[in-house]
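Structure data (PDB, C-alpha atoms) from coords-v8.pdb:
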ATOM      1  CA  MET O 274       8.677 -13.520 -17.239
ATOM      2  CA  GLY O 275       8.805 -17.295 -16.941
ATOM      3  CA  ASN O 276       6.241 -19.494 -15.270
ATOM      4  CA  TRP O 277       8.733 -20.367 -12.551
ATOM      5  CA  THR O 278       9.152 -16.684 -11.589
ATOM      6  CA  MET O 279       5.380 -16.305 -11.484
ATOM      7  CA  VAL O 280       5.048 -19.276  -9.111
ATOM      8  CA  VAL O 281       7.801 -17.886  -6.849
ATOM      9  CA  ILE O 282       6.103 -14.457  -6.799
ATOM     10  CA  ILE O 283       2.781 -16.005  -5.767
ATOM     11  CA  ILE O 284       4.461 -18.077  -3.028
ATOM     12  CA  ILE O 285       6.346 -15.011  -1.712
ATOM     13  CA  SER O 286       3.105 -12.987  -1.778
ATOM     14  CA  LEU O 287       1.261 -15.653   0.174
ATOM     15  CA  VAL O 288       4.041 -16.090   2.740
ATOM     16  CA  GLY O 289       4.653 -12.319   3.064
ATOM     17  CA  SER O 290       1.001 -11.498   3.693
ATOM     18  CA  LEU O 291       0.355 -14.348   6.125
ATOM     19  CA  LEU O 292       3.606 -13.780   8.047
ATOM     20  CA  THR O 293       2.878 -10.061   8.499
ATOM     21  CA  TYR O 294      -0.677 -10.839   9.574
ATOM     22  CA  PHE O 295       0.583 -13.493  12.006
ATOM     23  CA  PHE O 296       3.038 -11.113  13.693
ATOM     24  CA  ALA O 297       0.358  -8.430  14.033
ATOM     25  CA  ASP O 298      -2.308 -10.894  15.180
ATOM     26  CA  LYS O 299      -0.439 -13.287  17.489
ATOM     27  CA  VAL O 300       2.811 -11.537  18.470
ATOM     28  CA  LYS O 301       0.825  -8.268  18.903
ATOM     29  CA  TRP O 302       3.195  -6.081  16.925
ATOM     30  CA  THR O 303       1.620  -3.019  15.367
ATOM     31  CA  ALA O 304       0.842  -3.475  11.651
ATOM     32  CA  VAL O 305       3.539  -0.931  10.702
ATOM     33  CA  LYS O 306       6.184  -2.635  12.866
ATOM     34  CA  SER O 307       5.256  -6.051  11.514
ATOM     35  CA  SER O 308       5.397  -4.937   7.874
ATOM     36  CA  SER O 309       8.538  -2.793   8.104
ATOM     37  CA  LEU O 310      10.669  -5.131  10.234
ATOM     38  CA  LEU O 311       9.766  -8.274   8.273
ATOM     39  CA  SER O 312      10.354  -6.510   4.942
ATOM     40  CA  LEU O 313      13.687  -5.108   6.174
ATOM     41  CA  PHE O 314      14.740  -8.591   7.306
ATOM     42  CA  PHE O 315      13.664 -10.114   3.966
ATOM     43  CA  ALA O 316      15.401  -7.376   1.939
ATOM     44  CA  CYS O 317      18.695  -7.711   3.862
ATOM     45  CA  SER O 318      18.643 -11.536   3.728
ATOM     46  CA  SER O 319      17.847 -11.383   0.028
ATOM     47  CA  LEU O 320      20.747  -8.984  -0.539
ATOM     48  CA  VAL O 321      23.202 -11.256   1.305
ATOM     49  CA  LEU O 322      21.917 -14.365  -0.500
ATOM     50  CA  ASN O 323      22.293 -12.566  -3.840
ATOM     51  CA  ASN O 324      26.061 -12.317  -3.229
ATOM     52  CA  TYR O 325      26.335 -16.111  -3.161
ATOM     53  CA  VAL O 326      23.545 -17.121  -5.552
ATOM     54  CA  PRO O 327      22.856 -14.261  -8.017
ATOM     55  CA  TYR O 328      19.144 -13.887  -8.789
ATOM     56  CA  ASP O 329      16.607 -11.094  -9.329
ATOM     57  CA  ASN O 330      16.526 -10.169  -5.651
ATOM     58  CA  GLU O 331      15.053  -6.671  -6.215
ATOM     59  CA  LEU O 332      11.928  -8.134  -7.822
ATOM     60  CA  TYR O 333      11.338 -10.554  -4.953
ATOM     61  CA  THR O 334      12.072  -7.888  -2.332
ATOM     62  CA  LEU O 335       9.518  -5.558  -3.957
ATOM     63  CA  CYS O 336       7.023  -8.415  -4.071
ATOM     64  CA  PHE O 337       7.480  -9.269  -0.373
ATOM     65  CA  PHE O 338       7.263  -5.610   0.654
ATOM     66  CA  GLY O 339       3.952  -5.200  -1.183
ATOM     67  CA  ALA O 340       2.621  -8.487   0.177
ATOM     68  CA  SER O 341       3.353  -7.291   3.698
ATOM     69  CA  PHE O 342       0.811  -4.458   3.090
ATOM     70  CA  VAL O 343      -1.829  -7.091   2.432
ATOM     71  CA  GLY O 344      -0.891  -8.649   5.784
ATOM     72  CA  MET O 345      -1.404  -5.291   7.521
ATOM     73  CA  THR O 346      -5.139  -5.792   7.020
ATOM     74  CA  LYS O 347      -7.164  -5.964  10.193
ATOM     75  CA  ILE O 348     -10.820  -6.202   9.221
ATOM     76  CA  THR O 349     -13.325  -7.927  11.522
ATOM     77  CA  ASN O 350     -14.233 -11.451  10.407
ATOM     78  CA  LEU O 351     -11.451 -11.565   7.809
ATOM     79  CA  SER O 352      -9.650 -14.816   8.673
ATOM     80  CA  TYR O 353      -6.239 -16.185   7.680
ATOM     81  CA  PHE O 354      -7.966 -17.811   4.695
ATOM     82  CA  TRP O 355      -9.079 -14.452   3.298
ATOM     83  CA  ILE O 356      -5.709 -12.839   4.020
ATOM     84  CA  GLY O 357      -4.099 -15.722   2.104
ATOM     85  CA  ALA O 358      -6.586 -15.136  -0.729
ATOM     86  CA  GLY O 359      -5.582 -11.458  -0.644
ATOM     87  CA  GLY O 360      -1.910 -12.487  -0.847
ATOM     88  CA  ILE O 361      -2.537 -14.672  -3.898
ATOM     89  CA  THR O 362      -4.661 -11.956  -5.558
ATOM     90  CA  TYR O 363      -1.845  -9.497  -4.894
ATOM     91  CA  GLY O 364       0.701 -11.942  -6.379
ATOM     92  CA  LEU O 365      -1.335 -12.313  -9.576
ATOM     93  CA  LEU O 366      -1.851  -8.556  -9.843
ATOM     94  CA  PHE O 367       1.824  -7.820  -9.092
ATOM     95  CA  ASN O 368       2.803 -10.218 -11.908
ATOM     96  CA  THR O 369       0.699  -8.192 -14.322
ATOM     97  CA  VAL O 370       1.565  -4.658 -13.266
ATOM     98  CA  TYR O 371       5.027  -4.434 -11.682
ATOM     99  CA  GLN O 372       6.825  -3.691 -14.943
ATOM    100  CA  TYR O 373       4.733  -0.512 -15.355
ATOM    101  CA  PHE O 374       5.451   0.995 -11.922
ATOM    102  CA  SER O 375       8.256   3.126 -13.426
ATOM    103  CA  ASN O 376       9.688   3.985  -9.983
ATOM    104  CA  ILE O 377       6.615   5.783  -8.695
ATOM    105  CA  GLY O 378       6.011   5.845  -4.938
ATOM    106  CA  GLY O 379       2.976   4.119  -3.461
ATOM    107  CA  ALA O 380       2.490   1.774  -6.418
ATOM    108  CA  LEU O 381       2.993  -1.360  -4.314
ATOM    109  CA  GLY O 382       0.561  -0.085  -1.686
ATOM    110  CA  SER O 383      -2.049   0.764  -4.310
ATOM    111  CA  THR O 384      -1.703  -2.726  -5.814
ATOM    112  CA  ALA O 385      -2.060  -4.279  -2.349
ATOM    113  CA  CYS O 386      -5.073  -2.074  -1.604
ATOM    114  CA  ILE O 387      -6.829  -3.089  -4.834
ATOM    115  CA  SER O 388      -6.189  -6.766  -3.946
ATOM    116  CA  ILE O 389      -7.645  -6.308  -0.467
ATOM    117  CA  ILE O 390     -10.698  -4.482  -1.853
ATOM    118  CA  VAL O 391     -11.299  -7.387  -4.275
ATOM    119  CA  VAL O 392     -11.078  -9.864  -1.379
ATOM    120  CA  PHE O 393     -13.220  -7.673   0.917
ATOM    121  CA  LEU O 394     -15.989  -7.429  -1.700
ATOM    122  CA  MET O 395     -15.771 -11.196  -2.364
ATOM    123  CA  HIS O 396     -15.986 -11.846   1.378
ATOM    124  CA  LYS O 397     -18.995  -9.547   1.655
ATOM    125  CA  VAL O 398     -20.844 -11.274  -1.208
ATOM    126  CA  PHE O 399     -19.887 -14.713   0.153
ATOM    127  CA  ASN O 400     -21.229 -13.818   3.614
ATOM    128  CA  LYS O 401     -24.500 -12.429   2.211
ATOM    129  CA  TYR O 402     -25.161 -15.612   0.225
ATOM    130  CA  SER O 403     -24.123 -17.983   3.024
ATOM    131  CA  ASN O 404     -26.400 -16.102   5.516
ATOM    132  CA  LYS O 405     -29.258 -16.173   2.999
ATOM    133  CA  ASN O 406     -28.828 -19.922   2.495
ATOM    134  CA  SER O 407     -28.634 -20.638   6.242
ATOM    135  CA  VAL O 408     -31.903 -18.722   6.798
ATOM    136  CA  GLN O 409     -33.638 -20.745   4.068
TER     137      GLN O 409
ATOM    138  CA  MET N 437     -29.445  -9.085  -1.476
ATOM    139  CA  GLN N 438     -29.361  -5.731   0.274
ATOM    140  CA  ILE N 439     -26.493  -3.465  -0.632
ATOM    141  CA  LYS N 440     -25.315  -0.980   1.982
ATOM    142  CA  ILE N 441     -23.864   2.036   0.232
ATOM    143  CA  THR N 442     -21.512   4.319   2.144
ATOM    144  CA  LYS N 443     -22.933   7.694   3.159
ATOM    145  CA  GLN N 444     -19.558   9.274   2.551
ATOM    146  CA  LEU N 445     -19.677   9.409  -1.234
ATOM    147  CA  PRO N 446     -17.141  12.285  -1.566
ATOM    148  CA  LEU N 447     -14.497  10.231   0.274
ATOM    149  CA  ALA N 448     -15.361   7.129  -1.771
ATOM    150  CA  ILE N 449     -15.021   9.195  -4.959
ATOM    151  CA  LEU N 450     -11.716  10.673  -3.730
ATOM    152  CA  PHE N 451     -10.274   7.224  -3.006
ATOM    153  CA  ALA N 452     -11.623   5.749  -6.251
ATOM    154  CA  SER N 453     -10.051   8.681  -8.131
ATOM    155  CA  ILE N 454      -6.643   7.858  -6.620
ATOM    156  CA  HIS N 455      -6.903   4.283  -7.908
ATOM    157  CA  LEU N 456      -8.357   5.484 -11.223
ATOM    158  CA  ILE N 457      -5.244   7.595 -11.810
ATOM    159  CA  PHE N 458      -3.028   4.725 -10.641
ATOM    160  CA  ILE N 459      -4.614   2.323 -13.158
ATOM    161  CA  LEU N 460      -4.451   4.931 -15.933
ATOM    162  CA  HIS N 461      -0.775   5.521 -15.077
ATOM    163  CA  LEU N 462      -0.101   1.788 -15.443
ATOM    164  CA  HIS N 463      -1.995   1.762 -18.746
ATOM    165  CA  HIS N 464      -0.063   4.803 -19.933
ATOM    166  CA  GLU N 465       3.240   3.116 -19.112
ATOM    167  CA  SER N 466       2.137  -0.124 -20.799
ATOM    168  CA  CYS N 467       1.270   1.789 -23.989
ATOM    169  CA  LYS N 468       4.953   2.740 -24.353
ATOM    170  CA  GLY N 469       5.483  -0.891 -25.394
ATOM    171  CA  THR N 470       2.801  -3.472 -26.085
ATOM    172  CA  PRO N 471      -0.436  -2.363 -24.337
ATOM    173  CA  ASN N 472      -1.507  -4.736 -21.568
ATOM    174  CA  ASN N 473      -5.162  -5.720 -21.960
ATOM    175  CA  PHE N 474      -5.495  -6.847 -18.334
ATOM    176  CA  LEU N 475      -5.128  -3.333 -16.851
ATOM    177  CA  LEU N 476      -8.266  -1.474 -17.944
ATOM    178  CA  PRO N 477     -10.691  -4.168 -16.668
ATOM    179  CA  LEU N 478      -9.487  -3.156 -13.180
ATOM    180  CA  LEU N 479     -11.564   0.018 -13.662
ATOM    181  CA  LEU N 480     -14.718  -2.122 -13.329
ATOM    182  CA  LEU N 481     -13.860  -2.474  -9.651
ATOM    183  CA  LEU N 482     -14.116   1.259  -8.923
ATOM    184  CA  PRO N 483     -17.944   1.537  -8.627
ATOM    185  CA  GLY N 484     -17.683  -1.080  -5.855
ATOM    186  CA  TYR N 485     -15.858   1.498  -3.702
ATOM    187  CA  VAL N 486     -19.241   2.876  -2.600
ATOM    188  CA  LEU N 487     -19.593  -0.308  -0.517
ATOM    189  CA  LEU N 488     -16.382   0.344   1.437
ATOM    190  CA  PRO N 489     -16.477   1.718   4.995
ATOM    191  CA  PHE N 490     -15.720   5.439   4.635
ATOM    192  CA  VAL N 491     -16.187   7.579   7.731
ATOM    193  CA  LYS N 492     -16.662  11.345   7.793
ATOM    194  CA  THR N 493     -13.731  13.262   9.251
ATOM    195  CA  SER N 494     -13.991  16.804  10.557
ATOM    196  CA  PHE N 495     -11.074  18.899   9.337
ATOM    197  CA  ASN N 496      -8.709  19.783  12.180
ATOM    198  CA  ALA N 497      -5.942  22.179  11.144
ATOM    199  CA  ILE N 498      -3.605  21.330  14.043
ATOM    200  CA  LYS N 499      -3.959  17.586  13.516
ATOM    201  CA  THR N 500      -3.476  18.023   9.763
ATOM    202  CA  GLY N 501      -0.379  20.135  10.410
ATOM    203  CA  LYS N 502       1.117  17.465  12.654
ATOM    204  CA  ASN N 503       0.283  14.767  10.104
ATOM    205  CA  THR N 504       1.937  16.832   7.359
ATOM    206  CA  ILE N 505       5.120  17.244   9.418
ATOM    207  CA  VAL N 506       5.399  13.517  10.182
ATOM    208  CA  PHE N 507       4.510  12.641   6.558
ATOM    209  CA  SER N 508       7.294  14.991   5.417
ATOM    210  CA  ILE N 509       9.822  13.351   7.761
ATOM    211  CA  GLY N 510       9.064   9.930   6.257
ATOM    212  CA  PHE N 511       9.032  11.311   2.703
ATOM    213  CA  VAL N 512      12.303  13.257   2.921
ATOM    214  CA  ALA N 513      14.190  10.631   4.963
ATOM    215  CA  THR N 514      13.327   7.943   2.401
ATOM    216  CA  ILE N 515      14.434  10.145  -0.511
ATOM    217  CA  LEU N 516      17.741  10.896   1.259
ATOM    218  CA  LEU N 517      18.416   7.254   2.078
ATOM    219  CA  GLN N 518      17.872   6.249  -1.552
ATOM    220  CA  ASP N 519      21.427   7.503  -2.214
ATOM    221  CA  PHE N 520      22.758   4.684  -0.057
ATOM    222  CA  PHE N 521      20.183   1.879  -0.135
ATOM    223  CA  SER N 522      17.503   0.423  -2.381
ATOM    224  CA  VAL N 523      14.022   2.018  -2.207
ATOM    225  CA  VAL N 524      12.579  -0.877  -0.204
ATOM    226  CA  ILE N 525      15.376  -0.857   2.382
ATOM    227  CA  SER N 526      15.174   2.958   2.624
ATOM    228  CA  SER N 527      11.445   2.894   3.333
ATOM    229  CA  CYS N 528      11.641  -0.056   5.755
ATOM    230  CA  LEU N 529      14.634   1.406   7.581
ATOM    231  CA  VAL N 530      12.933   4.756   8.196
ATOM    232  CA  ALA N 531       9.710   3.049   9.306
ATOM    233  CA  SER N 532      11.491   0.497  11.525
ATOM    234  CA  VAL N 533      13.598   3.120  13.305
ATOM    235  CA  PHE N 534      10.568   5.375  13.854
ATOM    236  CA  THR N 535       8.412   2.440  14.992
ATOM    237  CA  LEU N 536      10.925   1.288  17.593
ATOM    238  CA  PHE N 537      11.520   4.885  18.698
ATOM    239  CA  SER N 538       7.787   5.630  18.937
ATOM    240  CA  GLU N 539       7.212   2.674  21.236
ATOM    241  CA  ILE N 540       9.011   4.493  24.036
ATOM    242  CA  LYS N 541       5.917   5.307  26.086
ATOM    243  CA  LYS N 542       7.026   8.775  27.232
ATOM    244  CA  ILE N 543       7.318  10.043  23.662
ATOM    245  CA  LYS N 544       3.709   9.205  22.683
ATOM    246  CA  LEU N 545       4.343   9.013  18.949
ATOM    247  CA  ILE N 546       2.777   5.596  18.379
ATOM    248  CA  SER N 547      -0.310   7.071  16.673
ATOM    249  CA  TYR N 548       1.953   8.677  14.058
ATOM    250  CA  GLN N 549       3.415   5.363  12.834
ATOM    251  CA  THR N 550       0.887   5.080  10.021
ATOM    252  CA  VAL N 551       1.313   8.593   8.655
ATOM    253  CA  LEU N 552       5.109   8.213   8.682
ATOM    254  CA  TYR N 553       4.788   4.905   6.828
ATOM    255  CA  ALA N 554       2.564   6.606   4.234
ATOM    256  CA  GLY N 555       5.273   9.281   3.888
ATOM    257  CA  THR N 556       7.972   6.678   3.260
ATOM    258  CA  PHE N 557       5.847   5.203   0.429
ATOM    259  CA  GLY N 558       5.613   8.611  -1.188
ATOM    260  CA  GLY N 559       9.385   8.981  -0.716
ATOM    261  CA  MET N 560      10.019   5.839  -2.764
ATOM    262  CA  VAL N 561       9.490   7.964  -5.871
ATOM    263  CA  SER N 562      12.391   8.406  -8.297
ATOM    264  CA  SER N 563      13.993  11.747  -9.080
ATOM    265  CA  GLY N 564      12.407  11.545 -12.545
ATOM    266  CA  TYR N 565       9.088  12.582 -10.966
ATOM    267  CA  VAL N 566      10.088  14.628  -7.922
ATOM    268  CA  SER N 567      13.435  16.364  -8.097
ATOM    269  CA  ASP N 568      13.395  19.668  -6.197
ATOM    270  CA  GLY N 569      12.331  21.121  -2.871
ATOM    271  CA  TYR N 570       9.192  22.737  -4.314
ATOM    272  CA  GLN N 571       7.867  19.419  -5.646
ATOM    273  CA  ILE N 572       8.718  17.657  -2.381
ATOM    274  CA  SER N 573       6.919  20.353  -0.338
ATOM    275  CA  VAL N 574       3.757  20.184  -2.480
ATOM    276  CA  SER N 575       3.745  16.372  -2.251
ATOM    277  CA  CYS N 576       4.161  16.443   1.538
ATOM    278  CA  VAL N 577       1.328  18.958   2.058
ATOM    279  CA  LEU N 578      -0.945  17.003  -0.291
ATOM    280  CA  GLY N 579      -0.050  13.743   1.480
ATOM    281  CA  GLY N 580      -0.711  15.229   4.923
ATOM    282  CA  ILE N 581      -4.129  16.606   3.869
ATOM    283  CA  ILE N 582      -5.261  13.401   2.121
ATOM    284  CA  PHE N 583      -4.092  11.297   5.078
ATOM    285  CA  SER N 584      -6.105  13.500   7.460
ATOM    286  CA  LEU N 585      -9.212  13.221   5.268
ATOM    287  CA  LEU N 586      -8.989   9.411   5.044
ATOM    288  CA  ASN N 587      -7.631   8.822   8.560
ATOM    289  CA  ASN N 588     -10.819   7.290   9.964
ATOM    290  CA  SER N 589     -11.943   5.636   6.740
ATOM    291  CA  LEU N 590     -11.025   2.151   5.526
ATOM    292  CA  SER N 591      -9.499   1.349   8.904
ATOM    293  CA  GLY N 592      -7.726  -1.994   8.763
ATOM    294  CA  PHE N 593      -7.431  -2.017   4.971
ATOM    295  CA  GLY N 594      -3.897  -2.964   3.942
ATOM    296  CA  GLY N 595      -2.436  -0.732   1.263
ATOM    297  CA  LYS N 596      -4.441   2.332   2.268
ATOM    298  CA  MET N 597      -1.277   4.178   3.252
ATOM    299  CA  GLY N 598       0.463   3.191   0.028
ATOM    300  CA  SER N 599      -2.476   4.626  -1.885
ATOM    301  CA  ILE N 600      -2.122   7.862   0.111
ATOM    302  CA  GLY N 601       1.616   7.842  -0.693
ATOM    303  CA  PHE N 602       0.708   7.560  -4.381
ATOM    304  CA  ALA N 603      -1.938  10.279  -4.028
ATOM    305  CA  SER N 604       0.703  12.696  -2.749
ATOM    306  CA  LEU N 605       2.506  12.302  -6.108
ATOM    307  CA  ILE N 606      -0.532  12.442  -8.372
ATOM    308  CA  ILE N 607       0.205  15.935  -9.746
ATOM    309  CA  TRP N 608       3.666  14.900 -10.936
ATOM    310  CA  VAL N 609       2.396  11.582 -12.329
ATOM    311  CA  ILE N 610      -0.297  13.299 -14.400
ATOM    312  CA  GLY N 611       2.244  15.938 -15.441
ATOM    313  CA  GLN N 612       4.317  13.239 -17.159
ATOM    314  CA  TRP N 613       1.435  11.832 -19.258
TER     315      TRP N 613
END
If you convert what's in this file into structure tokens, what do you get?
Amino acid sequence: MGNWTMVVIIIISLVGSLLTYFFADKVKWTAVKSSSLLSLFFACSSLVLNNYVPYDNELYTLCFFGASFVGMTKITNLSYFWIGAGGITYGLLFNTVYQYFSNIGGALGSTACISIIVVFLMHKVFNKYSNKNSVQ
Amino acid sequence: MQIKITKQLPLAILFASIHLIFILHLHHESCKGTPNNFLLPLLLLLPGYVLLPFVKTSFNAIKTGKNTIVFSIGFVATILLQDFFSVVISSCLVASVFTLFSEIKKIKLISYQTVLYAGTFGGMVSSGYVSDGYQISVSCVLGGIIFSLLNNSLSGFGGKMGSIGFASLIIWVIGQW
């Protein structure tokens, strides 16, 4: 995989996660509605675009779909910044693992979940240290 | 720094086991070519699962039965649609139709959106893993039970349902190692 593809995957992951989170947070769609409708729209647009400009649309569709799971996160105190961090973590992880999915169900969700757990634990540690410093 | 460990260790171990098998599956697939050295370090994350918010769930047979039925609908519908569309479109289409349908207030199905979505993730599997009615039935029952066990845990964690979708297929994944 080239560097250019990797950059595109990270951008799609970031946009996919933040967009899903935005629709759930501001437009008040349920997380499932936000993820499924946005991914369906992206997949159909990608399919149409592929007819005019052939590219690896299945890879990018998979990437967006998985990123939308990151955006389904609704944890107290987890801001857009941390969701974006989750999206980027997911993008990096997706780059490493997607070729080994071998058409198994739930692989994208598991990748997204691992990314969110990484971000959640980072957020927890960050909060502990920042609270400790503010007390001192 | 104080570390608050979850009191629900069995659920934390169950969820960590799902991701353990997922990571080992990826490693197994990578070993068919050049092994990827970035996969196994992911295992270092698993002990951290004891810090995640798991909540005890009392087993309710009726609720589990309903969850299993809705999980099966998502699972089977996605498998059927794969003959016509890509896996992503199949899963999204099933979830979108159900979501819009469930928002009709009289029907009161809105609480089943998540379990159906988990079912569609399981249904994204290829026929190389799950090919007959027996395998589909076992996966659906397993998915329904695991969803019911983890229903109150990790609320708001993205990807939880995908992990449950993967968990429903674990037997067939391990069977191919």
Practice item. Return as a PyMOL selection string the set of residues that the PyMOL selection byres ((chain O) within 6 of (chain N)) yields on the displayed structure. Key: chain O and resi 306+309-310+313+342-343+345-348+373+376-379+382-383+385-386
Can those selected residues be exported to a file as a PDB file, in the frame of the given file so that it contains C-alpha atoms?
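Once everything was written out, this is result.pdb:
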ATOM      1  CA  LYS O 306       6.184  -2.635  12.866  1.00  0.00           C
ATOM      2  CA  SER O 309       8.538  -2.793   8.104  1.00  0.00           C
ATOM      3  CA  LEU O 310      10.669  -5.131  10.234  1.00  0.00           C
ATOM      4  CA  LEU O 313      13.687  -5.108   6.174  1.00  0.00           C
ATOM      5  CA  PHE O 342       0.811  -4.458   3.090  1.00  0.00           C
ATOM      6  CA  VAL O 343      -1.829  -7.091   2.432  1.00  0.00           C
ATOM      7  CA  MET O 345      -1.404  -5.291   7.521  1.00  0.00           C
ATOM      8  CA  THR O 346      -5.139  -5.792   7.020  1.00  0.00           C
ATOM      9  CA  LYS O 347      -7.164  -5.964  10.193  1.00  0.00           C
ATOM     10  CA  ILE O 348     -10.820  -6.202   9.221  1.00  0.00           C
ATOM     11  CA  TYR O 373       4.733  -0.512 -15.355  1.00  0.00           C
ATOM     12  CA  ASN O 376       9.688   3.985  -9.983  1.00  0.00           C
ATOM     13  CA  ILE O 377       6.615   5.783  -8.695  1.00  0.00           C
ATOM     14  CA  GLY O 378       6.011   5.845  -4.938  1.00  0.00           C
ATOM     15  CA  GLY O 379       2.976   4.119  -3.461  1.00  0.00           C
ATOM     16  CA  GLY O 382       0.561  -0.085  -1.686  1.00  0.00           C
ATOM     17  CA  SER O 383      -2.049   0.764  -4.310  1.00  0.00           C
ATOM     18  CA  ALA O 385      -2.060  -4.279  -2.349  1.00  0.00           C
ATOM     19  CA  CYS O 386      -5.073  -2.074  -1.604  1.00  0.00           C
TER      20      CYS O 386
END
Draw an axis-aligned box tight on the listed atoms of region 562-581 of chain N, then pad every side by 5 Å and write out centre and edge lengths in Å to one decimal as JSON.
{"center_x": 4.9, "center_y": 15.6, "center_z": -3.8, "size_x": 28.1, "size_y": 24.3, "size_z": 27.5}
Can you spell out as a PDB file with C-alpha atoms, in the coordinates of the input the set of residues that the PyMOL selection byres ((chain N and resi 578) around 10) selects in the structure I just provided?
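Result file follows (part_27.pdb):
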ATOM      1  CA  THR N 504       1.937  16.832   7.359  1.00  0.00           C
ATOM      2  CA  PHE N 507       4.510  12.641   6.558  1.00  0.00           C
ATOM      3  CA  ILE N 572       8.718  17.657  -2.381  1.00  0.00           C
ATOM      4  CA  SER N 573       6.919  20.353  -0.338  1.00  0.00           C
ATOM      5  CA  VAL N 574       3.757  20.184  -2.480  1.00  0.00           C
ATOM      6  CA  SER N 575       3.745  16.372  -2.251  1.00  0.00           C
ATOM      7  CA  CYS N 576       4.161  16.443   1.538  1.00  0.00           C
ATOM      8  CA  VAL N 577       1.328  18.958   2.058  1.00  0.00           C
ATOM      9  CA  GLY N 579      -0.050  13.743   1.480  1.00  0.00           C
ATOM     10  CA  GLY N 580      -0.711  15.229   4.923  1.00  0.00           C
ATOM     11  CA  ILE N 581      -4.129  16.606   3.869  1.00  0.00           C
ATOM     12  CA  ILE N 582      -5.261  13.401   2.121  1.00  0.00           C
ATOM     13  CA  PHE N 583      -4.092  11.297   5.078  1.00  0.00           C
ATOM     14  CA  SER N 584      -6.105  13.500   7.460  1.00  0.00           C
ATOM     15  CA  ILE N 600      -2.122   7.862   0.111  1.00  0.00           C
ATOM     16  CA  GLY N 601       1.616   7.842  -0.693  1.00  0.00           C
ATOM     17  CA  ALA N 603      -1.938  10.279  -4.028  1.00  0.00           C
ATOM     18  CA  SER N 604       0.703  12.696  -2.749  1.00  0.00           C
ATOM     19  CA  LEU N 605       2.506  12.302  -6.108  1.00  0.00           C
ATOM     20  CA  ILE N 606      -0.532  12.442  -8.372  1.00  0.00           C
ATOM     21  CA  ILE N 607       0.205  15.935  -9.746  1.00  0.00           C
TER      22      ILE N 607
END
Exercise for review: Find, counting all atoms listed in the file, the residue in O:Ile387, O:Val305, O:His396, O:Phe337 that gets nearest to Ile282 (chain O).
Suggested key: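 Smallest separation from Ile282 (chain O) among the options: O:Phe337.
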Check your understanding: In Å, how far is it from CA of Val512 (chain N) to CA of Ser318 (chain O)?
Key ->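 Atom-to-atom, CA of Val512 (chain N) and CA of Ser318 (chain O) are spaced 25.6 Å apart.
Rounded to one decimal, CA of Val398 (chain O) and CA of Leu445 (chain N) lie 20.7 Å from each other.
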Practice item. Give me the result of the PyMOL selection byres ((chain O and resi 290) around 12) on this file, residue by residue, as a PyMOL selection string. Key: (chain O and resi 283-289+291-298+304+307-308+311-312+336-347+353-364+385+388-389) or (chain N and resi 594-595)
